[in-house]
file protein-v8.cif (mmCIF, C-alpha atoms)
data_target
loop_
_atom_site.label_atom_id
_atom_site.label_comp_id
_atom_site.auth_asym_id
_atom_site.auth_seq_id
_atom_site.Cartn_x
_atom_site.Cartn_y
_atom_site.Cartn_z
CA MET A 1 0.00 0.00 0.00
CA PRO A 2 1.58 3.35 -1.02
CA LYS A 3 2.15 5.99 1.62
CA THR A 4 0.30 9.28 1.30
CA SER A 5 1.67 12.66 2.23
CA ALA A 6 0.01 14.85 4.86
CA GLN A 7 -1.33 17.10 2.11
CA ASP A 8 -2.91 14.15 0.26
CA THR A 9 -4.64 13.13 3.48
CA SER A 10 -5.86 16.66 4.30
CA GLU A 11 -7.47 17.03 0.87
CA ARG A 12 -9.69 14.05 1.63
CA LEU A 13 -10.77 15.21 5.08
CA GLU A 14 -14.40 16.19 5.32
CA PRO A 15 -15.00 19.59 6.95
CA THR A 16 -17.74 17.95 9.02
CA THR A 17 -15.19 15.97 11.05
CA PRO A 18 -13.24 17.74 13.82
CA VAL A 19 -9.90 17.18 12.08
CA GLY A 20 -11.32 18.24 8.72
CA PHE A 21 -12.81 21.36 10.26
CA LEU A 22 -9.48 22.33 11.83
CA GLU A 23 -7.63 21.77 8.56
CA ALA A 24 -10.19 23.90 6.69
CA GLN A 25 -9.67 26.67 9.24
CA ARG A 26 -5.89 26.43 8.90
CA GLN A 27 -6.13 26.69 5.13
CA ARG A 28 -8.50 29.64 5.44
CA PHE A 29 -5.94 31.66 7.42
CA ALA A 30 -2.72 30.44 5.78
CA PRO A 31 -0.98 33.31 3.96
CA GLN A 32 0.86 32.88 0.66
CA SER A 33 4.03 34.04 2.44
CA GLY A 34 4.94 34.96 5.98
CA TYR A 35 2.98 33.98 9.10
CA ASN A 36 -0.32 35.05 10.61
CA LEU A 37 -1.22 35.19 14.27
CA VAL A 38 -4.77 33.86 14.44
CA GLY A 39 -6.92 34.20 17.53
CA PRO A 40 -10.50 33.73 18.68
CA ASP A 41 -13.17 36.40 19.00
CA PHE A 42 -15.49 35.08 21.68
CA PHE A 43 -18.41 37.25 20.55
CA TYR A 44 -18.96 35.17 17.39
CA PRO A 45 -20.29 31.61 17.00
CA PRO A 46 -17.92 28.69 16.32
CA GLY A 47 -16.76 28.66 12.72
CA GLU A 48 -16.90 32.45 12.52
CA ASP A 49 -14.90 33.22 15.64
CA LEU A 50 -11.32 33.32 14.30
CA TYR A 51 -9.53 36.31 12.86
CA VAL A 52 -6.02 37.43 11.93
CA LEU A 53 -4.42 39.46 14.72
CA ALA A 54 -1.23 40.34 12.84
CA HIS A 55 1.04 39.26 9.98
CA TYR A 56 4.82 38.70 10.26
CA ASP A 57 7.56 37.90 7.77
CA THR A 58 9.18 35.11 9.83
CA ARG A 59 7.93 32.39 12.16
CA GLU A 60 10.35 33.62 14.83
CA GLU A 61 8.78 37.12 14.79
CA ALA A 62 5.28 35.64 14.98
CA GLU A 63 6.17 33.31 17.87
CA ALA A 64 7.87 36.16 19.75
CA ALA A 65 4.80 38.36 19.30
CA ARG A 66 2.50 35.54 20.45
CA THR A 67 4.40 35.14 23.72
CA THR A 68 4.01 38.85 24.50
CA LEU A 69 0.22 38.56 24.49
CA ARG A 70 -1.77 38.28 27.70
CA ASP A 71 -1.68 34.75 29.14
CA GLY A 72 1.31 33.94 26.92
CA GLY A 73 -0.86 33.85 23.81
CA ALA A 74 -3.10 31.03 25.01
CA GLY A 75 -5.58 30.24 22.24
CA VAL A 76 -3.58 32.16 19.62
CA VAL A 77 -1.80 30.15 16.93
CA VAL A 78 0.81 30.90 14.30
CA VAL A 79 -0.32 29.87 10.81
CA GLY A 80 2.11 29.74 7.90
CA PRO A 81 1.98 28.65 4.28
CA GLU A 82 3.50 25.23 4.96
CA ALA A 83 1.46 22.13 5.73
CA PRO A 84 1.51 21.05 9.40
#

call {"tool": "encode", "arguments": {"input": "protein-v8.cif", "output": "structure tokens"}}
result
Amino acid sequence: MPKTSAQDTSERLEPTTPVGFLEAQRQRFAPQSGYNLVGPDFFYPPGEDLYVLAHYDTREEAEAARTTLRDGGAGVVVVGPEAP
């Protein structure tokens, strides 16, 4: 049986499954270049509650900015153009 890459697997994930939903969200916020800080807005329902806080050129800059947020950036993720 041939092995599949992570990208091949993610293309087959249904957005109705938890993993498929998370992958769809990651793709929605993945920039063509650089890295986005993505965080929740608790005033919106699930599926509409994420937004881009900031954009950075390097992962290091994005991670450093995330750690300066309140609570160490809990709930905020760095999303880049590469597959997880």

call {"tool": "closest_residue", "arguments": {"input": "protein-v8.cif", "among": "A:Asp41, A:Asp71, A:Glu61, A:Glu48", "to": "Gln25 in chain A", "atoms": "only C-alpha atoms"}}
result
A:Glu48

call {"tool": "closest_residue", "arguments": {"input": "protein-v8.cif", "among": "A:Gln32, A:Pro46, A:Ala65, A:Glu60", "to": "Gly80 in chain A", "atoms": "only C-alpha atoms"}}
result
A:Gln32

call {"tool": "residues_around", "arguments": {"input": "protein-v8.cif", "residues": "Glu82 in chain A", "least_positions_apart": "4", "cutoff": "12 Å", "atoms": "all atoms listed in the file", "output": "number ranges by chain"}}
result
A: 6-7, 26-27, 29-36, 59, 78

call {"tool": "closest_residue", "arguments": {"input": "protein-v8.cif", "among": "A:Ala62, A:Val76, A:Leu50, A:Tyr56", "to": "Arg28 in chain A", "atoms": "only C-alpha atoms"}}
result
A:Leu50

call {"tool": "residues_around", "arguments": {"input": "protein-v8.cif", "residues": "Leu53 in chain A", "least_positions_apart": "4", "cutoff": "7 Å", "atoms": "all atoms listed in the file", "output": "VMD selection string"}}
result
chain A and resid 37 to 39

call {"tool": "atom_distance", "arguments": {"input": "protein-v8.cif", "atom1": "CA of Phe42 in chain A", "atom2": "CA of Val77 in chain A"}}
result
15.3 Å

call {"tool": "closest_residue", "arguments": {"input": "protein-v8.cif", "among": "A:Ala54, A:Gly20, A:Asp49, A:Tyr44", "to": "Leu69 in chain A", "atoms": "all atoms listed in the file"}}
result
A:Ala54
